[in-house]
>>> print(open('run-v6.pdb').read())   # PDB, C-alpha atoms, pLDDT in the B column
ATOM      1  CA  MET A  26     -45.567 189.520-111.295  1.00 43.00           C
ATOM      2  CA  THR A  27     -42.356 190.358-113.193  1.00 44.00           C
ATOM      3  CA  ASP A  28     -44.038 193.322-114.919  1.00 51.00           C
ATOM      4  CA  LYS A  29     -44.661 194.962-111.522  1.00 58.00           C
ATOM      5  CA  LEU A  30     -41.067 194.619-110.360  1.00 51.00           C
ATOM      6  CA  PRO A  31     -38.168 196.650-111.701  1.00 59.00           C
ATOM      7  CA  ASP A  32     -35.558 194.981-113.849  1.00 77.00           C
ATOM      8  CA  PHE A  33     -32.527 193.779-111.964  1.00 93.00           C
ATOM      9  CA  SER A  34     -29.892 194.331-114.670  1.00 94.00           C
ATOM     10  CA  ASN A  35     -27.066 193.694-112.214  1.00 96.00           C
ATOM     11  CA  LEU A  36     -28.482 190.265-111.279  1.00 97.00           C
ATOM     12  CA  LEU A  37     -27.518 186.997-112.968  1.00 97.00           C
ATOM     13  CA  ILE A  38     -29.788 184.105-111.966  1.00 96.00           C
ATOM     14  CA  ILE A  39     -28.788 180.486-112.413  1.00 96.00           C
ATOM     15  CA  ALA A  40     -31.951 178.356-112.332  1.00 92.00           C
ATOM     16  CA  ALA A  41     -31.892 174.592-112.714  1.00 88.00           C
ATOM     17  CA  THR A  42     -34.231 171.716-113.409  1.00 79.00           C
ATOM     18  CA  GLY A  43     -33.294 169.969-110.155  1.00 76.00           C
ATOM     19  CA  SER A  44     -30.667 169.367-107.499  1.00 79.00           C
ATOM     20  CA  ASN A  45     -27.064 168.469-108.239  1.00 80.00           C
ATOM     21  CA  VAL A  46     -27.262 169.807-111.781  1.00 85.00           C
ATOM     22  CA  GLY A  47     -24.226 172.074-111.353  1.00 88.00           C
ATOM     23  CA  LYS A  48     -25.573 175.482-110.255  1.00 91.00           C
ATOM     24  CA  THR A  49     -22.715 176.131-107.845  1.00 93.00           C
ATOM     25  CA  THR A  50     -20.174 174.677-110.283  1.00 93.00           C
ATOM     26  CA  LEU A  51     -21.429 177.063-112.972  1.00 95.00           C
ATOM     27  CA  ALA A  52     -21.470 180.048-110.600  1.00 95.00           C
ATOM     28  CA  THR A  53     -17.902 179.333-109.464  1.00 94.00           C
ATOM     29  CA  ALA A  54     -16.762 178.934-113.094  1.00 94.00           C
ATOM     30  CA  ILE A  55     -18.248 182.331-113.986  1.00 95.00           C
ATOM     31  CA  LEU A  56     -16.607 183.916-110.926  1.00 94.00           C
ATOM     32  CA  GLN A  57     -13.235 182.365-111.787  1.00 93.00           C
ATOM     33  CA  ASN A  58     -13.553 183.340-115.444  1.00 91.00           C
ATOM     34  CA  LEU A  59     -13.975 186.979-114.457  1.00 89.00           C
ATOM     35  CA  ASN A  60     -10.648 186.716-112.608  1.00 74.00           C
ATOM     36  CA  ASN A  61     -11.823 188.652-109.555  1.00 70.00           C
ATOM     37  CA  LYS A  62     -11.967 191.826-111.678  1.00 75.00           C
ATOM     38  CA  LEU A  63     -15.320 192.647-110.117  1.00 86.00           C
ATOM     39  CA  ASN A  64     -16.480 192.646-106.521  1.00 90.00           C
ATOM     40  CA  ILE A  65     -19.304 190.196-107.206  1.00 96.00           C
ATOM     41  CA  ILE A  66     -21.845 189.320-104.551  1.00 96.00           C
ATOM     42  CA  ALA A  67     -23.038 185.705-104.613  1.00 97.00           C
ATOM     43  CA  LEU A  68     -26.398 184.508-103.320  1.00 96.00           C
ATOM     44  CA  LYS A  69     -28.096 181.201-102.822  1.00 94.00           C
ATOM     45  CA  VAL A  70     -31.871 181.566-102.459  1.00 94.00           C
ATOM     46  CA  SER A  71     -33.790 178.522-101.254  1.00 91.00           C
ATOM     47  CA  PRO A  72     -37.495 177.978-100.520  1.00 89.00           C
ATOM     48  CA  HIS A  73     -36.738 175.798 -97.493  1.00 85.00           C
ATOM     49  CA  PHE A  74     -34.550 176.109 -94.411  1.00 87.00           C
ATOM     50  CA  HIS A  75     -30.999 174.773 -94.313  1.00 82.00           C
ATOM     51  CA  PRO A  76     -29.041 173.965 -91.135  1.00 81.00           C
ATOM     52  CA  ILE A  77     -26.699 176.794 -90.146  1.00 84.00           C
ATOM     53  CA  GLU A  78     -23.258 175.389 -89.461  1.00 79.00           C
ATOM     54  CA  GLY A  79     -19.774 176.794 -89.283  1.00 77.00           C
ATOM     55  CA  ASN A  80     -18.783 180.421 -89.414  1.00 82.00           C
ATOM     56  CA  ARG A  81     -21.917 182.124 -90.697  1.00 87.00           C
ATOM     57  CA  LYS A  82     -23.374 185.409 -89.529  1.00 92.00           C
ATOM     58  CA  ILE A  83     -27.153 185.534 -89.196  1.00 92.00           C
ATOM     59  CA  LEU A  84     -28.184 188.984 -90.448  1.00 95.00           C
ATOM     60  CA  GLU A  85     -31.908 188.517 -89.931  1.00 95.00           C
ATOM     61  CA  GLN A  86     -34.005 185.661 -88.645  1.00 95.00           C
ATOM     62  CA  THR A  87     -37.760 185.225 -88.353  1.00 95.00           C
ATOM     63  CA  GLU A  88     -39.873 182.093 -88.151  1.00 96.00           C
ATOM     64  CA  ASP A  89     -40.490 182.522 -91.901  1.00 96.00           C
ATOM     65  CA  TYR A  90     -37.026 183.226 -93.344  1.00 96.00           C
ATOM     66  CA  MET A  91     -33.371 183.760 -92.550  1.00 95.00           C
ATOM     67  CA  ILE A  92     -30.658 185.879 -94.189  1.00 97.00           C
ATOM     68  CA  VAL A  93     -27.149 184.579 -93.533  1.00 94.00           C
ATOM     69  CA  GLU A  94     -23.752 185.950 -94.543  1.00 95.00           C
ATOM     70  CA  GLU A  95     -21.079 183.326 -95.199  1.00 92.00           C
ATOM     71  CA  GLN A  96     -17.866 184.004 -93.298  1.00 90.00           C
ATOM     72  CA  ASP A  97     -16.112 180.701 -93.918  1.00 84.00           C
ATOM     73  CA  ASN A  98     -14.063 180.154 -97.056  1.00 83.00           C
ATOM     74  CA  ILE A  99     -12.961 176.599 -96.304  1.00 85.00           C
ATOM     75  CA  SER A 100     -16.167 174.621 -95.702  1.00 86.00           C
ATOM     76  CA  ALA A 101     -17.912 172.404 -98.244  1.00 84.00           C
ATOM     77  CA  LYS A 102     -21.021 174.644 -98.226  1.00 88.00           C
ATOM     78  CA  ASP A 103     -21.973 176.179-101.578  1.00 90.00           C
ATOM     79  CA  THR A 104     -21.659 179.733-100.239  1.00 91.00           C
ATOM     80  CA  SER A 105     -18.133 178.968 -99.032  1.00 90.00           C
ATOM     81  CA  LYS A 106     -17.236 177.626-102.496  1.00 92.00           C
ATOM     82  CA  LEU A 107     -18.509 180.879-104.017  1.00 94.00           C
ATOM     83  CA  ILE A 108     -16.177 182.915-101.790  1.00 94.00           C
ATOM     84  CA  ARG A 109     -13.225 180.683-102.708  1.00 93.00           C
ATOM     85  CA  ALA A 110     -14.061 181.208-106.388  1.00 92.00           C
ATOM     86  CA  GLY A 111     -13.800 184.991-106.030  1.00 92.00           C
ATOM     87  CA  ALA A 112     -17.092 186.371-104.700  1.00 95.00           C
ATOM     88  CA  GLY A 113     -16.559 189.428-102.538  1.00 93.00           C
ATOM     89  CA  LYS A 114     -19.394 188.294-100.270  1.00 95.00           C
ATOM     90  CA  ALA A 115     -21.794 185.370-100.227  1.00 96.00           C
ATOM     91  CA  TYR A 116     -25.221 185.081 -98.658  1.00 96.00           C
ATOM     92  CA  LEU A 117     -27.845 182.423 -98.087  1.00 94.00           C
ATOM     93  CA  VAL A 118     -31.483 183.518 -98.131  1.00 96.00           C
ATOM     94  CA  HIS A 119     -33.745 180.673 -97.110  1.00 93.00           C
ATOM     95  CA  GLY A 120     -37.082 179.956 -95.520  1.00 93.00           C
ATOM     96  CA  ARG A 121     -40.673 179.306 -96.350  1.00 91.00           C
ATOM     97  CA  GLU A 122     -41.331 179.758-100.052  1.00 88.00           C
ATOM     98  CA  GLU A 123     -43.877 182.567 -99.734  1.00 91.00           C
ATOM     99  CA  PHE A 124     -41.427 184.689 -97.693  1.00 94.00           C
ATOM    100  CA  VAL A 125     -38.154 184.119 -99.541  1.00 93.00           C
ATOM    101  CA  ILE A 126     -38.813 186.716-102.285  1.00 92.00           C
ATOM    102  CA  GLY A 127     -39.419 189.443 -99.702  1.00 94.00           C
ATOM    103  CA  ALA A 128     -36.261 188.440 -97.827  1.00 96.00           C
ATOM    104  CA  PHE A 129     -34.301 188.510-101.095  1.00 95.00           C
ATOM    105  CA  LEU A 130     -35.623 191.996-101.939  1.00 94.00           C
ATOM    106  CA  LYS A 131     -34.750 193.210 -98.441  1.00 95.00           C
ATOM    107  CA  LEU A 132     -31.146 191.984 -98.754  1.00 96.00           C
ATOM    108  CA  PHE A 133     -30.787 193.106-102.382  1.00 95.00           C
ATOM    109  CA  SER A 134     -31.833 196.661-101.430  1.00 94.00           C
ATOM    110  CA  THR A 135     -28.697 196.920 -99.275  1.00 95.00           C
ATOM    111  CA  PHE A 136     -26.361 196.345-102.252  1.00 95.00           C
ATOM    112  CA  PRO A 137     -24.981 199.244-104.319  1.00 92.00           C
ATOM    113  CA  ALA A 138     -27.115 199.833-107.441  1.00 88.00           C
ATOM    114  CA  ASN A 139     -24.571 198.624-110.006  1.00 90.00           C
ATOM    115  CA  GLN A 140     -22.991 195.860-107.903  1.00 93.00           C
ATOM    116  CA  PRO A 141     -22.801 192.596-109.879  1.00 96.00           C
ATOM    117  CA  VAL A 142     -24.751 189.784-108.214  1.00 97.00           C
ATOM    118  CA  ILE A 143     -24.841 186.066-109.100  1.00 97.00           C
ATOM    119  CA  CYS A 144     -27.733 184.109-107.624  1.00 96.00           C
ATOM    120  CA  GLU A 145     -28.553 180.407-107.564  1.00 95.00           C
ATOM    121  CA  SER A 146     -32.340 180.086-107.491  1.00 92.00           C
ATOM    122  CA  ALA A 147     -35.027 178.573-109.669  1.00 81.00           C
ATOM    123  CA  GLY A 148     -37.872 180.082-107.677  1.00 86.00           C
ATOM    124  CA  LEU A 149     -36.566 183.623-107.914  1.00 88.00           C
ATOM    125  CA  ALA A 150     -36.610 183.425-111.704  1.00 87.00           C
ATOM    126  CA  TYR A 151     -40.414 183.285-111.613  1.00 86.00           C
ATOM    127  CA  HIS A 152     -40.651 186.629-109.792  1.00 86.00           C
ATOM    128  CA  ILE A 153     -37.649 188.720-110.818  1.00 86.00           C
ATOM    129  CA  LYS A 154     -36.545 190.046-114.206  1.00 89.00           C
ATOM    130  CA  ALA A 155     -32.823 189.362-114.048  1.00 94.00           C
ATOM    131  CA  GLY A 156     -30.232 190.990-116.275  1.00 94.00           C
ATOM    132  CA  LEU A 157     -29.244 187.487-117.360  1.00 96.00           C
ATOM    133  CA  LEU A 158     -31.150 184.259-116.726  1.00 95.00           C
ATOM    134  CA  ILE A 159     -29.297 180.994-117.252  1.00 95.00           C
ATOM    135  CA  LEU A 160     -31.364 177.808-117.226  1.00 92.00           C
ATOM    136  CA  LEU A 161     -29.263 174.770-116.395  1.00 90.00           C
ATOM    137  CA  LYS A 162     -30.521 171.280-117.202  1.00 87.00           C
ATOM    138  CA  ARG A 163     -29.005 167.878-116.611  1.00 82.00           C
ATOM    139  CA  ASP A 164     -27.686 165.994-119.622  1.00 77.00           C
ATOM    140  CA  GLY A 165     -30.247 163.389-120.665  1.00 73.00           C
ATOM    141  CA  TYR A 166     -32.822 164.857-118.304  1.00 65.00           C
ATOM    142  CA  ASP A 167     -36.349 164.970-119.587  1.00 57.00           C
ATOM    143  CA  LYS A 168     -38.101 168.290-119.539  1.00 63.00           C
ATOM    144  CA  ASN A 169     -39.987 169.141-116.360  1.00 65.00           C
ATOM    145  CA  ASN A 170     -42.163 171.976-115.073  1.00 75.00           C
ATOM    146  CA  ILE A 171     -39.222 174.229-114.245  1.00 78.00           C
ATOM    147  CA  PHE A 172     -37.749 173.805-117.710  1.00 80.00           C
ATOM    148  CA  ASP A 173     -41.084 174.257-119.455  1.00 82.00           C
ATOM    149  CA  GLN A 174     -41.953 177.385-117.468  1.00 84.00           C
ATOM    150  CA  LEU A 175     -38.578 179.116-117.772  1.00 87.00           C
ATOM    151  CA  LYS A 176     -37.229 178.062-121.185  1.00 85.00           C
ATOM    152  CA  ASN A 177     -38.808 180.999-123.031  1.00 87.00           C
ATOM    153  CA  ARG A 178     -37.528 183.518-120.479  1.00 88.00           C
ATOM    154  CA  ALA A 179     -33.994 182.109-120.300  1.00 91.00           C
ATOM    155  CA  ASP A 180     -31.236 184.050-122.039  1.00 93.00           C
ATOM    156  CA  ILE A 181     -29.022 180.958-122.104  1.00 93.00           C
ATOM    157  CA  ILE A 182     -29.862 177.267-121.726  1.00 91.00           C
ATOM    158  CA  ILE A 183     -26.924 175.100-120.688  1.00 91.00           C
ATOM    159  CA  THR A 184     -26.808 171.322-120.410  1.00 90.00           C
ATOM    160  CA  SER A 185     -24.619 169.876-117.675  1.00 88.00           C
ATOM    161  CA  ASP A 186     -23.558 166.518-116.309  1.00 84.00           C
ATOM    162  CA  GLY A 187     -23.103 168.218-112.922  1.00 78.00           C
ATOM    163  CA  ARG A 188     -19.445 169.090-113.552  1.00 81.00           C
ATOM    164  CA  GLN A 189     -19.066 170.109-117.199  1.00 87.00           C
ATOM    165  CA  PHE A 190     -21.178 172.246-119.496  1.00 90.00           C
ATOM    166  CA  ASP A 191     -22.114 172.026-123.160  1.00 90.00           C
ATOM    167  CA  ARG A 192     -21.217 175.645-123.815  1.00 88.00           C
ATOM    168  CA  ASP A 193     -18.291 177.973-123.323  1.00 88.00           C
ATOM    169  CA  ILE A 194     -19.055 180.570-120.647  1.00 91.00           C
ATOM    170  CA  SER A 195     -16.206 182.945-121.440  1.00 90.00           C
ATOM    171  CA  ASP A 196     -18.645 185.279-123.223  1.00 92.00           C
ATOM    172  CA  ILE A 197     -20.524 186.013-119.981  1.00 94.00           C
ATOM    173  CA  GLY A 198     -19.516 189.309-118.440  1.00 93.00           C
ATOM    174  CA  PHE A 199     -20.589 192.392-116.561  1.00 95.00           C
ATOM    175  CA  GLU A 200     -20.212 195.967-117.779  1.00 92.00           C
ATOM    176  CA  ASP A 201     -21.905 199.300-117.078  1.00 92.00           C
ATOM    177  CA  GLY A 202     -24.075 197.791-114.347  1.00 93.00           C
ATOM    178  CA  LYS A 203     -25.403 194.954-116.549  1.00 94.00           C
ATOM    179  CA  TRP A 204     -24.744 191.288-117.185  1.00 95.00           C
ATOM    180  CA  TYR A 205     -24.301 190.253-120.796  1.00 94.00           C
ATOM    181  CA  HIS A 206     -23.378 187.362-123.024  1.00 93.00           C
ATOM    182  CA  SER A 207     -22.091 187.813-126.551  1.00 86.00           C
ATOM    183  CA  SER A 208     -23.511 184.668-128.149  1.00 68.00           C
ATOM    184  CA  ILE A 209     -26.688 182.649-127.973  1.00 48.00           C
TER
END
>>> encode(input="run-v6.pdb", output="structure tokens")
Amino acid sequence: MTDKLPDFSNLLIIAATGSNVGKTTLATAILQNLNNKLNIIALKVSPHFHPIEGNRKILEQTEDYMIVEEQDNISAKDTSKLIRAGAGKAYLVHGREEFVIGAFLKLFSTFPANQPVICESAGLAYHIKAGLLILLKRDGYDKNNIFDQLKNRADIIITSDGRQFDRDISDIGFEDGKWYHSSI
């Protein structure tokens, strides 16, 4: 499917081998490292529905998916953490797995062409050619299907204990409409 979709050079995807591996922690570290120099949009894409609490604006809702803009920068929600870390805007795209990609594409089409976007999503990495794909795995975690299927497509593989990473991320940046990293 990735060969039929255009490359998304301005998209950085953080995929992980499970929950609580550190996706949001890594995304916030990248945002903070860039020192708010860029107006980065942050996304969390999930193949199941989450409860909508707090100050969130529902942009579109169907029985199959929902697109939500985070408006709260003080809650414990991941999208709120991304705003606190420096994202210009943060969104949650969630719903039934077979509809989430379409919802993502619909939202993404509203962003300026060269706008940097950071996205937490393992599922999206199967369908989208991102400018930079980071595969995050838990320290001591045995390989699983996600790891096996994405390891050859990942630009960077990082091991995490959920809070710290086995690699310096200061070489990750965004320039001329594209994400890059200067070392492997």
>>> closest_residue(input="run-v6.pdb", among="A:Gln96, A:Thr184, A:Asn64, A:Ser134", to="Tyr116 in chain A", atoms="all atoms listed in the file")
A:Gln96
>>> residues_around(input="run-v6.pdb", residues="range 37-49 of chain A", least_positions_apart="2", cutoff="9 Å", atoms="only C-alpha atoms", output="ChimeraX atom specification")
/A:33-35,51-54,69,103-104,106-107,141-150,155-164,166,168-172,175,184-190,203-204
>>> resolve_selection(input="run-v6.pdb", expression="the PyMOL selection byres ((chain A and resi 90) around 9)", output="PyMOL selection string")
chain A and resi 72-74+85-89+91-92+118-122+124-125+128
>>> closest_residue(input="run-v6.pdb", among="A:Ile65, A:Ile99, A:Leu36, A:Val93", to="Ile77 in chain A", atoms="all atoms listed in the file")
A:Val93
>>> atom_distance(input="run-v6.pdb", atom1="CA of Ala67 in chain A", atom2="CA of Asp173 in chain A")
26.0 Å
>>> closest_residue(input="run-v6.pdb", among="A:Ala110, A:Ile194, A:Ile153, A:Glu95", to="Ile182 in chain A", atoms="all atoms listed in the file")
A:Ile194
>>> atom_distance(input="run-v6.pdb", atom1="CA of Arg192 in chain A", atom2="CA of Arg109 in chain A")
23.1 Å
>>> atom_distance(input="run-v6.pdb", atom1="CA of Phe199 in chain A", atom2="CA of Arg178 in chain A")
19.5 Å
>>> closest_residue(input="run-v6.pdb", among="A:Asp32, A:Ser105, A:Ala112, A:Lys176", to="Gly202 in chain A", atoms="all atoms listed in the file")
A:Asp32
>>> resolve_selection(input="run-v6.pdb", expression="the PyMOL selection byres ((chain A and resi 78) around 10)", output="PDB file with C-alpha atoms, keeping the file's coordinate frame")
ATOM      1  CA  HIS A  75     -30.999 174.773 -94.313  1.00 82.00           C
ATOM      2  CA  PRO A  76     -29.041 173.965 -91.135  1.00 81.00           C
ATOM      3  CA  ILE A  77     -26.699 176.794 -90.146  1.00 84.00           C
ATOM      4  CA  GLY A  79     -19.774 176.794 -89.283  1.00 77.00           C
ATOM      5  CA  ASN A  80     -18.783 180.421 -89.414  1.00 82.00           C
ATOM      6  CA  ARG A  81     -21.917 182.124 -90.697  1.00 87.00           C
ATOM      7  CA  ASP A  97     -16.112 180.701 -93.918  1.00 84.00           C
ATOM      8  CA  SER A 100     -16.167 174.621 -95.702  1.00 86.00           C
ATOM      9  CA  LYS A 102     -21.021 174.644 -98.226  1.00 88.00           C
TER      10      LYS A 102
END
>>> decode(input="run-v6.pdb", residues="range 90-119 of chain A", atoms="N, CA and C atoms", output="CSV table (one decimal), in the first residue's frame")
chain,number,residue,atom,x,y,z
A,90,TYR,N,-15.0,6.8,13.3
A,90,TYR,CA,-13.8,7.5,13.7
A,90,TYR,C,-14.1,8.9,14.3
A,91,MET,N,-13.1,9.5,14.9
A,91,MET,CA,-13.3,10.8,15.5
A,91,MET,C,-11.9,11.6,15.3
A,92,ILE,N,-12.0,12.8,15.0
A,92,ILE,CA,-10.8,13.7,14.9
A,92,ILE,C,-11.0,14.8,16.0
A,93,VAL,N,-10.1,14.9,16.9
A,93,VAL,CA,-10.2,15.8,18.1
A,93,VAL,C,-9.0,16.7,18.1
A,94,GLU,N,-9.2,18.0,18.4
A,94,GLU,CA,-8.1,18.9,18.6
A,94,GLU,C,-8.0,19.1,20.1
A,95,GLU,N,-6.8,18.9,20.6
A,95,GLU,CA,-6.5,19.2,22.0
A,95,GLU,C,-6.5,20.7,22.3
A,96,GLN,N,-7.2,21.1,23.3
A,96,GLN,CA,-7.2,22.5,23.7
A,96,GLN,C,-6.8,22.8,25.1
A,97,ASP,N,-6.3,21.7,25.8
A,97,ASP,CA,-6.0,21.7,27.2
A,97,ASP,C,-4.5,21.5,27.3
A,98,ASN,N,-3.8,22.4,27.9
A,98,ASN,CA,-2.3,22.1,28.1
A,98,ASN,C,-1.9,21.8,29.5
A,99,ILE,N,-2.9,21.4,30.3
A,99,ILE,CA,-2.6,21.1,31.7
A,99,ILE,C,-3.0,19.7,32.1
A,100,SER,N,-3.7,18.9,31.3
A,100,SER,CA,-4.2,17.6,31.7
A,100,SER,C,-3.1,16.6,31.5
A,101,ALA,N,-3.3,15.4,32.0
A,101,ALA,CA,-2.4,14.3,31.9
A,101,ALA,C,-2.5,13.5,30.6
A,102,LYS,N,-3.4,13.9,29.7
A,102,LYS,CA,-3.5,13.3,28.4
A,102,LYS,C,-2.2,13.5,27.6
A,103,ASP,N,-1.9,12.5,26.7
A,103,ASP,CA,-0.7,12.6,25.9
A,103,ASP,C,-0.7,13.8,25.0
A,104,THR,N,-1.9,14.1,24.4
A,104,THR,CA,-1.9,15.3,23.5
A,104,THR,C,-1.7,16.6,24.3
A,105,SER,N,-2.1,16.6,25.5
A,105,SER,CA,-1.8,17.8,26.3
A,105,SER,C,-0.3,17.9,26.6
A,106,LYS,N,0.3,16.8,26.9
A,106,LYS,CA,1.7,16.8,27.2
A,106,LYS,C,2.5,17.3,25.9
A,107,LEU,N,2.0,16.9,24.7
A,107,LEU,CA,2.7,17.3,23.5
A,107,LEU,C,2.6,18.8,23.3
A,108,ILE,N,1.5,19.4,23.7
A,108,ILE,CA,1.3,20.9,23.6
A,108,ILE,C,2.3,21.6,24.6
A,109,ARG,N,2.3,21.0,25.9
A,109,ARG,CA,3.3,21.6,26.9
A,109,ARG,C,4.7,21.5,26.4
A,110,ALA,N,5.0,20.5,25.6
A,110,ALA,CA,6.4,20.3,25.2
A,110,ALA,C,6.8,21.2,24.0
A,111,GLY,N,5.8,21.9,23.4
A,111,GLY,CA,6.1,22.8,22.3
A,111,GLY,C,5.3,22.6,21.1
A,112,ALA,N,4.5,21.6,21.0
A,112,ALA,CA,3.7,21.5,19.7
A,112,ALA,C,2.8,22.7,19.5
A,113,GLY,N,2.7,23.2,18.3
A,113,GLY,CA,1.8,24.3,18.0
A,113,GLY,C,0.3,23.9,18.2
A,114,LYS,N,0.0,22.7,17.7
A,114,LYS,CA,-1.3,22.1,17.9
A,114,LYS,C,-1.1,20.6,18.1
A,115,ALA,N,-2.1,20.0,18.7
A,115,ALA,CA,-2.1,18.5,18.9
A,115,ALA,C,-3.5,18.0,18.6
A,116,TYR,N,-3.5,16.8,18.0
A,116,TYR,CA,-4.8,16.2,17.6
A,116,TYR,C,-4.7,14.7,18.0
A,117,LEU,N,-5.9,14.2,18.2
A,117,LEU,CA,-6.1,12.7,18.4
A,117,LEU,C,-7.0,12.3,17.3
A,118,VAL,N,-6.6,11.3,16.5
A,118,VAL,CA,-7.4,10.6,15.5
A,118,VAL,C,-7.6,9.2,16.0
A,119,HIS,N,-8.8,8.8,16.2
A,119,HIS,CA,-9.1,7.5,16.8
A,119,HIS,C,-10.4,6.9,16.2
